[in-house]
Structure formats: C-alpha cells, structure tokens
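K.L.:
My structure is in run.cif, and what it holds is mmCIF, C-alpha atoms:
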```cif
data_coords
#
loop_
_atom_site.label_atom_id
_atom_site.label_comp_id
_atom_site.auth_asym_id
_atom_site.auth_seq_id
_atom_site.Cartn_x
_atom_site.Cartn_y
_atom_site.Cartn_z
CA MET A 1 0.00 0.00 0.00
CA THR A 2 1.60 3.25 -1.14
CA PRO A 3 0.14 6.72 -0.65
CA SER A 4 -0.87 8.74 -3.69
CA ASP A 5 0.79 12.06 -4.48
CA VAL A 6 -2.42 13.82 -3.47
CA LYS A 7 -3.00 14.64 0.19
CA ALA A 8 -6.34 15.07 1.91
CA THR A 9 -6.49 18.34 3.81
CA LEU A 10 -8.62 18.33 6.93
CA SER A 11 -9.79 21.74 8.14
CA PHE A 12 -11.47 22.51 11.46
CA SER A 13 -14.03 25.18 12.23
CA ASP A 14 -12.91 25.49 15.86
CA GLY A 15 -9.73 27.39 15.04
CA SER A 16 -7.41 24.34 15.14
CA PRO A 17 -4.79 24.34 12.39
CA SER A 18 -5.61 22.23 9.31
CA ILE A 19 -3.55 19.08 8.67
CA ASP A 20 -2.64 17.02 5.62
CA LEU A 21 -3.43 13.31 5.70
CA PRO A 22 -2.11 10.59 3.35
CA LEU A 23 -4.54 9.41 0.68
CA TYR A 24 -4.42 5.79 -0.53
CA LYS A 25 -5.88 4.49 -3.77
CA GLY A 26 -7.23 0.96 -4.02
CA SER A 27 -6.95 -1.07 -7.23
CA ILE A 28 -10.72 -0.47 -7.52
CA GLY A 29 -13.19 1.25 -5.25
CA PRO A 30 -13.07 4.42 -3.15
CA ASP A 31 -9.83 6.08 -2.04
CA VAL A 32 -9.15 6.06 1.69
CA ILE A 33 -7.84 8.78 3.98
CA ASP A 34 -5.25 7.53 6.46
CA ILE A 35 -6.29 8.91 9.86
CA ARG A 36 -3.95 6.81 12.01
CA LYS A 37 -2.04 9.90 13.17
CA LEU A 38 -5.12 12.09 13.57
CA TYR A 39 -5.35 11.73 17.34
CA GLY A 40 -1.62 12.27 17.82
CA GLN A 41 -1.65 15.44 15.70
CA THR A 42 -4.99 16.93 16.77
CA GLY A 43 -6.14 15.21 19.96
CA LYS A 44 -9.39 14.32 18.14
CA PHE A 45 -11.02 11.00 17.23
CA THR A 46 -13.35 10.34 14.31
CA TYR A 47 -16.91 9.25 15.09
CA ASP A 48 -18.40 6.58 12.84
CA PRO A 49 -21.04 4.32 14.47
CA GLY A 50 -21.47 1.14 12.48
CA PHE A 51 -18.26 1.94 10.55
CA LEU A 52 -20.24 3.35 7.62
CA SER A 53 -17.26 5.34 6.29
CA THR A 54 -14.31 3.50 7.83
CA ALA A 55 -11.95 1.05 6.12
CA SER A 56 -10.66 -1.15 8.95
CA CYS A 57 -7.99 -2.92 6.90
CA GLN A 58 -6.50 -3.43 3.48
CA SER A 59 -7.55 -6.64 1.75
CA THR A 60 -7.06 -8.50 -1.53
CA ILE A 61 -9.86 -11.04 -1.05
CA THR A 62 -13.34 -9.72 -1.81
CA TYR A 63 -14.65 -6.57 -3.45
CA ILE A 64 -18.22 -5.29 -3.49
CA ASP A 65 -19.57 -2.44 -5.57
CA GLY A 66 -22.96 -1.83 -4.00
CA ASP A 67 -24.10 0.71 -6.60
CA LYS A 68 -23.32 -1.59 -9.55
CA GLY A 69 -24.45 -4.74 -7.75
CA GLU A 70 -21.05 -6.38 -8.24
CA LEU A 71 -19.29 -9.02 -6.11
CA LEU A 72 -15.75 -10.20 -6.89
CA TYR A 73 -13.75 -12.98 -5.18
CA ARG A 74 -10.06 -12.29 -5.88
CA GLY A 75 -11.19 -10.33 -8.95
CA TYR A 76 -13.49 -13.02 -10.38
CA PRO A 77 -17.21 -12.11 -10.73
CA ILE A 78 -19.48 -14.21 -8.52
CA GLU A 79 -21.63 -15.00 -11.58
CA GLN A 80 -18.71 -16.81 -13.25
CA LEU A 81 -17.57 -18.65 -10.13
CA ALA A 82 -21.09 -19.85 -9.30
CA THR A 83 -21.61 -21.29 -12.80
CA GLN A 84 -18.10 -22.48 -13.74
CA CYS A 85 -16.51 -23.61 -10.46
CA ASP A 86 -17.48 -25.72 -7.47
CA PHE A 87 -17.28 -24.72 -3.83
CA LEU A 88 -13.89 -26.30 -3.11
CA ASP A 89 -12.39 -24.48 -6.12
CA THR A 90 -13.79 -21.30 -4.61
CA CYS A 91 -12.29 -22.22 -1.23
CA TYR A 92 -8.88 -22.69 -2.85
CA LEU A 93 -9.24 -19.33 -4.59
CA LEU A 94 -10.15 -17.48 -1.39
CA LEU A 95 -7.38 -19.13 0.63
CA TYR A 96 -4.52 -18.94 -1.87
CA GLY A 97 -5.45 -16.13 -4.29
CA GLU A 98 -5.73 -18.09 -7.55
CA LEU A 99 -7.96 -20.80 -8.97
CA PRO A 100 -6.35 -24.26 -8.86
CA ASN A 101 -5.03 -26.01 -11.94
CA GLU A 102 -6.06 -29.60 -12.56
CA GLN A 103 -3.42 -31.17 -10.26
CA LYS A 104 -3.87 -28.66 -7.45
CA GLN A 105 -7.62 -29.08 -7.68
CA LYS A 106 -7.28 -32.85 -7.31
CA ASP A 107 -4.83 -32.52 -4.39
CA PHE A 108 -6.96 -29.93 -2.57
CA HIS A 109 -10.17 -31.94 -2.93
CA LYS A 110 -8.35 -35.02 -1.59
CA LEU A 111 -6.84 -33.07 1.31
CA VAL A 112 -10.21 -31.70 2.41
CA SER A 113 -11.93 -35.08 2.08
CA GLU A 114 -9.27 -36.67 4.32
CA HIS A 115 -10.29 -34.40 7.22
CA THR A 116 -14.10 -34.71 7.13
CA MET A 117 -14.41 -36.89 10.23
CA VAL A 118 -14.49 -35.32 13.67
CA HIS A 119 -13.14 -36.75 16.90
CA GLU A 120 -15.50 -39.43 18.19
CA GLN A 121 -15.78 -37.70 21.57
CA MET A 122 -17.49 -34.74 19.87
CA GLN A 123 -20.72 -36.74 19.98
CA PHE A 124 -20.46 -36.99 23.77
CA PHE A 125 -19.90 -33.24 23.92
CA LEU A 126 -23.13 -32.85 21.92
CA ARG A 127 -25.10 -34.78 24.50
CA GLY A 128 -24.65 -31.92 26.95
CA PHE A 129 -27.09 -29.83 24.90
CA ARG A 130 -30.87 -30.07 25.14
CA ARG A 131 -32.38 -31.77 22.11
CA ASP A 132 -34.44 -28.66 21.33
CA ALA A 133 -31.45 -26.29 21.41
CA HIS A 134 -31.14 -23.98 18.39
CA PRO A 135 -28.58 -25.43 15.94
CA MET A 136 -26.59 -22.17 16.06
CA ALA A 137 -26.25 -22.48 19.84
CA VAL A 138 -24.97 -26.02 19.33
CA LEU A 139 -22.67 -25.05 16.45
CA THR A 140 -21.11 -22.16 18.38
CA GLY A 141 -20.18 -24.62 21.13
CA LEU A 142 -18.93 -27.32 18.76
CA VAL A 143 -16.67 -24.98 16.76
CA GLY A 144 -15.26 -23.45 19.93
CA ALA A 145 -14.60 -26.96 21.26
CA LEU A 146 -12.48 -27.90 18.24
CA SER A 147 -9.50 -26.21 19.89
CA ALA A 148 -9.82 -28.73 22.75
CA PHE A 149 -9.82 -31.66 20.32
CA TYR A 150 -7.22 -30.38 17.83
CA HIS A 151 -4.76 -28.47 19.97
CA ASP A 152 -1.92 -29.27 17.57
CA SER A 153 -3.12 -26.48 15.24
CA THR A 154 -4.01 -23.63 17.60
CA ASP A 155 -0.94 -21.39 17.27
CA ILE A 156 -2.21 -18.50 15.19
CA THR A 157 1.34 -17.20 14.61
CA ASN A 158 2.47 -20.49 13.03
CA PRO A 159 1.69 -20.58 9.25
CA LYS A 160 1.60 -24.39 9.26
CA HIS A 161 -0.89 -24.42 12.13
CA ARG A 162 -3.04 -21.89 10.29
CA ASP A 163 -3.06 -24.04 7.14
CA ILE A 164 -3.99 -27.18 9.09
CA ALA A 165 -6.73 -25.33 11.01
CA ALA A 166 -8.11 -23.92 7.74
CA ILE A 167 -8.42 -27.37 6.13
CA ARG A 168 -9.85 -28.89 9.29
CA LEU A 169 -12.51 -26.20 9.63
CA ILE A 170 -13.57 -26.34 5.97
CA ALA A 171 -13.68 -30.15 6.05
CA LYS A 172 -15.38 -30.62 9.41
CA MET A 173 -18.03 -27.88 9.32
CA PRO A 174 -20.46 -29.96 7.17
CA THR A 175 -20.02 -32.87 9.59
CA LEU A 176 -20.66 -30.65 12.62
CA VAL A 177 -23.76 -29.01 11.07
CA ALA A 178 -25.17 -32.42 10.10
CA MET A 179 -24.44 -33.74 13.62
CA ALA A 180 -26.26 -30.76 15.17
CA TYR A 181 -29.26 -31.49 12.92
CA LYS A 182 -29.30 -35.23 13.63
CA TYR A 183 -28.99 -34.62 17.36
CA GLY A 184 -32.04 -32.34 17.33
CA GLU A 185 -33.99 -34.91 15.31
CA GLY A 186 -33.04 -37.75 17.64
CA GLN A 187 -31.43 -39.66 14.77
CA PRO A 188 -28.02 -41.36 14.74
CA TYR A 189 -25.12 -39.48 13.19
CA VAL A 190 -24.11 -40.39 9.65
CA TYR A 191 -20.39 -40.60 8.99
CA PRO A 192 -18.96 -38.78 5.97
CA ARG A 193 -18.40 -40.64 2.72
CA ASN A 194 -15.38 -39.12 1.03
CA LYS A 195 -16.03 -40.38 -2.49
CA LEU A 196 -18.94 -37.93 -2.70
CA SER A 197 -18.58 -34.25 -3.53
CA TYR A 198 -18.41 -31.70 -0.72
CA ALA A 199 -22.08 -30.70 -1.08
CA GLY A 200 -23.22 -34.27 -1.85
CA ASN A 201 -21.47 -35.60 1.23
CA PHE A 202 -23.11 -32.94 3.39
CA MET A 203 -26.58 -33.77 2.06
CA ARG A 204 -26.06 -37.48 2.66
CA MET A 205 -24.96 -36.82 6.25
CA MET A 206 -28.10 -34.73 6.68
CA PHE A 207 -30.68 -37.06 5.17
CA ALA A 208 -29.38 -40.65 5.21
CA THR A 209 -30.36 -43.00 8.05
CA PRO A 210 -29.11 -46.48 9.00
CA CYS A 211 -32.30 -47.94 7.52
CA GLU A 212 -32.28 -45.95 4.29
CA ASP A 213 -29.35 -44.50 2.39
CA TYR A 214 -29.60 -41.17 0.60
CA GLU A 215 -28.83 -40.89 -3.08
CA PRO A 216 -28.03 -37.20 -3.75
CA ASN A 217 -30.04 -35.59 -6.55
CA GLU A 218 -27.53 -33.75 -8.74
CA VAL A 219 -29.81 -30.72 -9.21
CA LEU A 220 -30.13 -30.38 -5.43
CA VAL A 221 -26.42 -30.98 -4.85
CA ARG A 222 -25.57 -28.26 -7.37
CA ALA A 223 -28.04 -25.92 -5.66
CA MET A 224 -26.42 -26.56 -2.28
CA ASP A 225 -22.96 -26.08 -3.77
CA ARG A 226 -24.12 -22.75 -5.24
CA ILE A 227 -25.49 -21.65 -1.88
CA PHE A 228 -22.04 -22.36 -0.41
CA ILE A 229 -20.27 -20.36 -3.14
CA LEU A 230 -22.59 -17.36 -2.89
CA HIS A 231 -22.10 -17.16 0.88
CA ALA A 232 -18.36 -17.94 1.00
CA ASP A 233 -17.22 -14.37 1.67
CA HIS A 234 -18.64 -10.88 1.66
CA GLU A 235 -15.92 -8.38 2.51
CA GLN A 236 -15.79 -6.75 5.97
CA ASN A 237 -19.28 -7.62 7.22
CA ALA A 238 -20.16 -7.95 10.92
CA SER A 239 -19.10 -11.58 11.39
CA THR A 240 -15.90 -11.20 9.34
CA SER A 241 -14.97 -8.09 11.29
CA THR A 242 -15.69 -10.06 14.48
CA VAL A 243 -13.35 -12.84 13.37
CA ARG A 244 -10.63 -10.31 12.54
CA LEU A 245 -11.08 -8.45 15.84
CA CYS A 246 -11.12 -11.67 17.83
CA GLY A 247 -8.10 -13.03 15.97
CA SER A 248 -6.19 -9.77 16.47
CA SER A 249 -5.77 -10.70 20.13
CA GLY A 250 -3.78 -13.77 19.09
CA THR A 251 -6.49 -16.27 20.04
CA ASN A 252 -6.58 -19.63 18.26
CA PRO A 253 -8.31 -19.96 14.86
CA PHE A 254 -11.13 -22.16 16.21
CA ALA A 255 -12.05 -19.57 18.85
CA ALA A 256 -11.98 -16.77 16.26
CA ILE A 257 -14.27 -18.73 13.93
CA ALA A 258 -16.60 -19.58 16.84
CA ALA A 259 -16.90 -15.83 17.46
CA GLY A 260 -17.86 -15.40 13.80
CA VAL A 261 -20.52 -18.12 14.13
CA ALA A 262 -21.98 -16.36 17.19
CA CYS A 263 -22.09 -13.01 15.37
CA LEU A 264 -23.67 -14.57 12.28
CA TRP A 265 -26.56 -15.85 14.37
CA GLY A 266 -28.13 -12.37 14.57
CA PRO A 267 -31.35 -11.87 12.54
CA ALA A 268 -29.88 -8.76 10.86
CA HIS A 269 -26.96 -10.85 9.53
CA GLY A 270 -26.97 -14.62 8.94
CA GLY A 271 -30.40 -15.10 10.43
CA ALA A 272 -31.97 -13.03 7.65
CA ASN A 273 -32.88 -16.01 5.45
CA GLU A 274 -34.54 -17.69 8.43
CA ALA A 275 -36.44 -14.46 9.14
CA ALA A 276 -37.45 -14.14 5.45
CA LEU A 277 -38.97 -17.61 5.32
CA ASN A 278 -40.72 -17.13 8.66
CA MET A 279 -42.23 -13.94 7.21
CA LEU A 280 -43.51 -15.81 4.13
CA GLU A 281 -44.99 -18.56 6.30
CA ASP A 282 -46.72 -15.94 8.48
CA ILE A 283 -48.30 -14.34 5.39
CA GLN A 284 -49.30 -17.79 4.12
CA ARG A 285 -50.99 -18.65 7.42
CA ASN A 286 -52.85 -15.34 7.42
CA GLY A 287 -54.43 -15.66 3.99
CA GLY A 288 -51.57 -16.11 1.51
CA VAL A 289 -51.39 -14.27 -1.81
CA GLU A 290 -54.75 -12.59 -1.32
CA LYS A 291 -53.47 -10.85 1.82
CA ILE A 292 -50.22 -9.51 0.32
CA GLY A 293 -51.75 -6.06 -0.25
CA GLU A 294 -52.66 -5.84 3.42
CA PHE A 295 -49.17 -6.98 4.41
CA ILE A 296 -47.50 -4.39 2.17
CA LYS A 297 -49.73 -1.70 3.67
CA GLN A 298 -48.51 -2.66 7.15
CA VAL A 299 -44.87 -2.61 5.97
CA LYS A 300 -45.29 0.97 4.75
CA ASP A 301 -46.98 2.09 7.96
CA LYS A 302 -44.38 3.79 10.18
CA ASN A 303 -46.42 2.94 13.27
CA SER A 304 -46.50 -0.76 12.42
CA SER A 305 -43.92 -3.26 13.68
CA VAL A 306 -44.23 -5.37 10.51
CA LYS A 307 -40.97 -5.60 8.52
CA LEU A 308 -40.21 -6.78 5.00
CA MET A 309 -37.50 -9.41 5.44
CA GLY A 310 -35.23 -10.59 2.62
CA PHE A 311 -35.27 -7.26 0.78
CA GLY A 312 -32.63 -4.54 0.73
CA HIS A 313 -29.01 -4.71 1.81
CA ARG A 314 -26.60 -2.58 3.81
CA VAL A 315 -24.13 -2.42 0.90
CA TYR A 316 -26.04 -3.27 -2.31
CA LYS A 317 -28.08 -0.35 -3.66
CA ASN A 318 -28.86 -2.37 -6.75
CA TYR A 319 -30.08 -5.94 -7.32
CA ASP A 320 -27.87 -8.25 -5.22
CA PRO A 321 -25.90 -10.29 -7.82
CA ARG A 322 -26.17 -13.34 -5.56
CA ALA A 323 -29.96 -12.98 -5.55
CA LYS A 324 -30.10 -13.23 -9.37
CA LEU A 325 -28.17 -16.52 -9.26
CA MET A 326 -30.21 -17.84 -6.34
CA ARG A 327 -33.44 -16.98 -8.16
CA GLU A 328 -32.38 -19.18 -11.11
CA THR A 329 -31.41 -21.95 -8.70
CA CYS A 330 -34.77 -21.59 -6.99
CA HIS A 331 -36.60 -22.30 -10.27
CA GLU A 332 -34.29 -25.27 -11.06
CA VAL A 333 -34.84 -26.89 -7.67
CA LEU A 334 -38.60 -26.41 -7.59
CA GLY A 335 -38.79 -27.75 -11.15
CA ALA A 336 -36.71 -30.82 -10.31
CA LEU A 337 -38.91 -31.53 -7.28
CA GLY A 338 -42.19 -30.71 -9.04
CA LEU A 339 -42.91 -27.85 -6.67
CA GLU A 340 -43.49 -25.06 -9.22
CA ASN A 341 -46.98 -24.61 -7.81
CA ASP A 342 -45.79 -24.60 -4.22
CA PRO A 343 -47.97 -21.97 -2.46
CA LEU A 344 -45.05 -20.45 -0.62
CA PHE A 345 -43.03 -19.99 -3.82
CA LYS A 346 -46.02 -18.43 -5.59
CA LEU A 347 -46.39 -16.11 -2.63
CA ALA A 348 -42.68 -15.22 -2.79
CA MET A 349 -42.89 -14.41 -6.50
CA SER A 350 -45.95 -12.21 -5.94
CA LEU A 351 -44.17 -10.37 -3.16
CA GLU A 352 -41.07 -9.95 -5.34
CA LYS A 353 -43.17 -8.53 -8.20
CA ILE A 354 -44.84 -5.97 -5.94
CA ALA A 355 -41.56 -4.92 -4.34
CA LEU A 356 -39.90 -4.44 -7.75
CA GLU A 357 -42.78 -2.35 -9.13
CA ASP A 358 -44.10 -0.44 -6.11
CA GLU A 359 -42.66 3.08 -6.00
CA TYR A 360 -42.25 2.88 -2.21
CA PHE A 361 -39.78 -0.01 -2.48
CA VAL A 362 -38.18 1.09 -5.76
CA ALA A 363 -37.38 4.54 -4.33
CA ARG A 364 -35.77 2.92 -1.29
CA LYS A 365 -33.93 0.36 -3.46
CA LEU A 366 -35.39 -2.53 -1.48
CA TYR A 367 -34.52 -5.23 -4.01
CA PRO A 368 -34.77 -8.95 -3.10
CA ASN A 369 -31.51 -10.15 -1.58
CA VAL A 370 -29.91 -13.59 -1.55
CA ASP A 371 -31.60 -14.51 1.75
CA PHE A 372 -35.04 -14.15 0.15
CA TYR A 373 -34.39 -16.98 -2.31
CA SER A 374 -31.93 -19.20 -0.43
CA GLY A 375 -34.50 -19.84 2.30
CA ILE A 376 -37.03 -21.09 -0.27
CA VAL A 377 -34.41 -23.33 -1.91
CA GLN A 378 -33.32 -24.84 1.40
CA ARG A 379 -36.92 -25.44 2.44
CA ALA A 380 -37.57 -27.25 -0.86
CA ILE A 381 -34.48 -29.43 -0.32
CA GLY A 382 -35.83 -30.44 3.10
CA ILE A 383 -33.67 -28.36 5.41
CA PRO A 384 -35.53 -27.03 8.46
CA VAL A 385 -35.71 -23.27 8.92
CA SER A 386 -33.76 -23.42 12.20
CA LEU A 387 -30.75 -24.83 10.33
CA PHE A 388 -30.51 -22.12 7.65
CA THR A 389 -28.05 -19.94 9.57
CA ALA A 390 -25.84 -22.92 10.43
CA ILE A 391 -25.52 -23.67 6.70
CA PHE A 392 -24.62 -20.02 6.14
CA ALA A 393 -21.89 -20.42 8.79
CA LEU A 394 -20.65 -23.56 7.05
CA ALA A 395 -20.29 -21.66 3.77
CA ARG A 396 -18.79 -18.51 5.31
CA THR A 397 -16.11 -20.43 7.26
CA VAL A 398 -13.64 -20.30 4.35
CA GLY A 399 -14.09 -16.53 4.01
CA TRP A 400 -13.50 -16.04 7.72
CA ILE A 401 -10.32 -18.12 7.60
CA ALA A 402 -9.01 -16.35 4.49
CA GLN A 403 -9.64 -12.96 6.11
CA LEU A 404 -8.10 -14.06 9.42
CA ASN A 405 -4.97 -15.39 7.73
CA GLU A 406 -4.65 -12.24 5.63
CA MET A 407 -4.83 -10.09 8.75
CA ILE A 408 -2.17 -12.13 10.57
CA GLY A 409 0.14 -11.87 7.56
CA ASP A 410 -0.32 -8.09 7.35
CA PRO A 411 2.74 -6.31 8.84
CA GLU A 412 0.48 -3.41 9.86
CA TYR A 413 -1.95 -5.51 11.89
CA LYS A 414 -2.42 -4.69 15.56
CA ILE A 415 -4.90 -5.77 18.18
CA GLY A 416 -8.19 -4.04 17.45
CA ARG A 417 -9.01 -1.21 19.82
CA PRO A 418 -11.81 1.16 18.75
CA ARG A 419 -12.20 4.43 20.65
CA GLN A 420 -15.36 6.20 21.75
CA LEU A 421 -17.21 9.45 22.20
CA PHE A 422 -17.81 9.48 25.95
CA VAL A 423 -21.09 11.17 26.92
CA GLY A 424 -21.43 9.96 30.52
CA SER A 425 -20.83 11.80 33.75
CA PRO A 426 -17.53 13.66 34.18
CA ARG A 427 -15.31 12.84 37.14
CA ARG A 428 -17.10 13.06 40.49
CA ASP A 429 -16.51 11.99 44.10
CA VAL A 430 -18.39 9.24 45.88
CA PRO A 431 -20.74 10.86 48.46
CA PRO A 432 -21.21 9.37 51.90
CA LEU A 433 -23.98 6.77 52.11
CA ALA A 434 -26.30 9.13 54.02
CA GLN A 435 -26.12 11.70 51.20
CA ARG A 436 -26.92 9.42 48.24
#
```
Transcribe the structure of this file into structure tokens.
P.N.:
Amino acid sequence: MTPSDVKATLSFSDGSPSIDLPLYKGSIGPDVIDIRKLYGQTGKFTYDPGFLSTASCQSTITYIDGDKGELLYRGYPIEQLATQCDFLDTCYLLLYGELPNEQKQKDFHKLVSEHTMVHEQMQFFLRGFRRDAHPMAVLTGLVGALSAFYHDSTDITNPKHRDIAAIRLIAKMPTLVAMAYKYGEGQPYVYPRNKLSYAGNFMRMMFATPCEDYEPNEVLVRAMDRIFILHADHEQNASTSTVRLCGSSGTNPFAAIAAGVACLWGPAHGGANEAALNMLEDIQRNGGVEKIGEFIKQVKDKNSSVKLMGFGHRVYKNYDPRAKLMRETCHEVLGALGLENDPLFKLAMSLEKIALEDEYFVARKLYPNVDFYSGIVQRAIGIPVSLFTAIFALARTVGWIAQLNEMIGDPEYKIGRPRQLFVGSPRRDVPPLAQR
C-alpha cells in the first residue's frame, strides 16, 4: 500500500490548524484517507457508528460495488464462479489467491476429504445440549470446542498451524452441522463418505439413516454447492470483522471462527434467510397471496412493527448479484422436485413482483436479496428453517479463515481497539452513604 501524491487536507471550524493526511488508492473502489495519526496530531477521534465510512484494513480477497451490484472474489465475478466452479475451487481461490489447476484441484479436494471426520468424543460433547437447542447455539459450542480436540493447530502465529486449522474447519463444518441437525432430530449421526462431492457428502450426512441410504439428486447438490459459493465471503461484514477483531488478540483460529458463528446468528446478519422464510410462512398462514396487499400496507406504515425481510441490503443499492443466481437456482430446484406450484413460492414471486414495481420499495432500493431466495431453496431441499443460519456459517467459514490469515500476515496488523465518544458523567466523588 503506497500513498498517492495527493493529500487530503482536513480543516477545522474550531480554530485548530488544518492538517494534511495521506490518501491511498485501491486497485478499484473508493480512495481512503489515512487517519492513524489524527489523534496524535490533533487530539481528536473520528466518530463513525457502524463503521459506515471506515476502512478497517487493506484486503485483496473480496470486493463489493454496491451501486453496480457487483461481487468479486479475488477479482473473479461471482456469476462466473457460481456457474463455472465448485465450492472447493472457490475455497482454494479465497485461501490462496488463484484458482487451482487440474493437479492442485485434485490434491486440494483429496486433502479436504481426508479431514471430514471429527473426533469421536465430539458426539459426547453434543449430549450436553438439550435436544431442542437452536442449531446455532450447538454449532457455536462445537466450533469453539475444536480447539480442545485439535490443539496441535491452535498457534495462530504459526503458518503451518493456520493451514492445518483452515483445512480442518472447511472439512469438518459440514459434519458438525449435520451432527447438530441429527442430534435435534433424535437420529443417529451419519459418517462422511469421502467419495462424494463436498455438497453431496453434506446432504447425505443430513438425510441418510441407517435404515435408508440417501442418493443425492444432482440438481439439489448443485443448488447446495451454489449456496455455499454465494455465501463464502462478503468483505468486511459484521461476522468477518468479528473474526478479525477476535483473531487480532492472538487467540486460536477455532475460537476466532466460533466468534464469527456467534455473530452470524443475529437476525440482521446470517439469520436473515430464516427471518425471510418465517415472514412468508406468516403471510401464508394469514391468507396467503390474497393478503399480500394488506401486508405491504402494514410494511409501509411507520407505526407498524411489521418488517419486509429478505429485501434490501446494507451495501447493495442495486439488485444483489447473488440474488439473481439464487433466483435461477430456486426455479431449477422447484422444477426438479415438481414444486413449481408450491404456495409459498407463488407467494414469494408475488411479493417480489410488488416490491420491484411499487414506488415505495423502488425509491428505497429494497430489491430482493440472496436470503429471500436461499430460504425457499433450502426449504424445498428439506432443510428445516432453524438450520438455515448454520448452513450459512458452514459456507462462510472459508471466508473467515481467508480474512483471518490475511490479517495475521499483514505487517500493519495490531490488536483491534476502537475508541469512543464518551457522553457519561464527568469525574465526580463518591458521596457518603447518608447523602446518596
């Protein structure tokens, strides 16, 4: 990162002298003003709740142009990766910066498949949870516990440990998610079968039983693989920033990823697809398509608590490119399963049409996002709503690891320490008890 010849001049209206700050240009995207010395030179902090205008790091992994509706992994458009590559190719790309050639692809797939099993004692750890526990509660515990089972790869400063932890996490997350599901269902765990593809293996672990094996449907496997690709990374979002902040303390990779899982659980982040499907089911229960007009009226009412879930995005101010791909996948899956006339899908399409044509939503750029469609796809495949966010965590694990490893390899990285605007009481003395 080298500063441009141009400097940003910061002027103050309180009589303080103006200062020049270095300006950095990215390969694409907005320039950034380096304010690292601002406090030292002026005694002032910046104030940016939610980090709306703050670049917290430099990165070469993922780029989003929210106005264009563009998402790039290492420079490659998500549309090309989702249609021309599989998830493990995408994992390799995010971890190492380039797509694998034929030999590297073969070696990487083999390496991941060799680490799909988890320690047998993990199932005893699972038994400590109630059967009706939310899968994300279970998954947060399981991922955090990996450091107790695989303590030979917990040194975040050791590149070899980081590589081993990365492969282990990518390989074992499908097994852990499937175990969390089976535990809640009261069914026995299904061991991985490494001759299957990454997505196919996951679906077999989810749906096979000792009395009936599961033959993966290729349309559904491809849909699941696409869900994984579309959710693999998304720049410096809340969970990724959590992983980076957690990892900046030097904690082990499993703990940092567990922190990401916990952050992802929130309904404003990874829980959005779960919330979107719950919304559709609520509308369906209350009258379905015929009641959409009434629902939309409530959404527009400022005094109403009704929210339109699965529409709009913090970054995208255009149609989410992932949503376009997921919409196609949605049609493919419902067609393969003969569910084109599924009432919930018809309801979703009606809601989408209104939102894309109604001036209220168009003016606010509330386009359908990827969560809107991925929930419908997962429901059609047979995945329960409560497991949606866990599958999101499974997919996002590779992005978290890539971002974590990039941060550790950055010579400028320091432990994260945001500052604040303090608005509480100034210094005061403790009064005697009788005077309080």
K.L.:
Given the file shown, determine the residues that the PyMOL selection byres ((chain A and resi 77) around 12) selects; report them as a list in words.
P.N.:
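Here the PyMOL selection byres ((chain A and resi 77) around 12) matches Thr62, Tyr63, Ile64, Asp65, Gly69, Glu70, Leu71, Leu72, Tyr73, Arg74, Gly75, Tyr76, Ile78, Glu79, Gln80, Leu81, Ala82, Thr83, Gln84, Cys85, Thr90, Ile229, Leu230, Pro321, Arg322 and Leu325 of chain A.
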K.L.:
Output the residue selection produced by the PyMOL selection byres ((chain A and resi 232) around 9) on the file above, formatted as an MDAnalysis selection string.
P.N.:
chainID A and resid 87 90:91 94 227:231 233:234 392:400
K.L.:
Counting all atoms listed in the file, write as number ranges by chain all protein and nucleic acid residues lying at most 9 Å from (-37.2, -22.6, 0.5) in the file's frame.
P.N.:
A: 277, 330, 344-345, 372-383, 385
K.L.:
How many Å lie between CA of Asp34 (chain A) and CA of Leu21 (chain A), rounded to one decimal?
P.N.:
6.1 Å
K.L.:
The PyMOL selection byres ((chain A and resi 357-362) around 12) on the file shown: which residues, as a PyMOL selection string?
P.N.:
chain A and resi 293+296-297+299-301+308+311-312+317-319+350-356+363-368
K.L.:
For the residues in that selection, give me C-alpha atoms as a compact mmCIF listing (two decimals), in the coordinates of the input.
P.N.:
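Resulting contents of part33.txt:
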```
# COMPACT_ATOMS: atom_id res chain seq x y z
CA GLY A 293 -51.75 -6.06 -0.25
CA ILE A 296 -47.50 -4.39 2.17
CA LYS A 297 -49.73 -1.70 3.67
CA VAL A 299 -44.87 -2.61 5.97
CA LYS A 300 -45.29 0.97 4.75
CA ASP A 301 -46.98 2.09 7.96
CA LEU A 308 -40.21 -6.78 5.00
CA PHE A 311 -35.27 -7.26 0.78
CA GLY A 312 -32.63 -4.54 0.73
CA LYS A 317 -28.08 -0.35 -3.66
CA ASN A 318 -28.86 -2.37 -6.75
CA TYR A 319 -30.08 -5.94 -7.32
CA SER A 350 -45.95 -12.21 -5.94
CA LEU A 351 -44.17 -10.37 -3.16
CA GLU A 352 -41.07 -9.95 -5.34
CA LYS A 353 -43.17 -8.53 -8.20
CA ILE A 354 -44.84 -5.97 -5.94
CA ALA A 355 -41.56 -4.92 -4.34
CA LEU A 356 -39.90 -4.44 -7.75
CA ALA A 363 -37.38 4.54 -4.33
CA ARG A 364 -35.77 2.92 -1.29
CA LYS A 365 -33.93 0.36 -3.46
CA LEU A 366 -35.39 -2.53 -1.48
CA TYR A 367 -34.52 -5.23 -4.01
CA PRO A 368 -34.77 -8.95 -3.10
```
K.L.:
Of the candidates A:Gly409, A:Ala272, A:Arg204, A:Leu347, which one gets nearest to Phe295 (chain A) if we count all atoms listed in the file?
P.N.:
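For Phe295 (chain A), the nearest of the given residues is A:Leu347.
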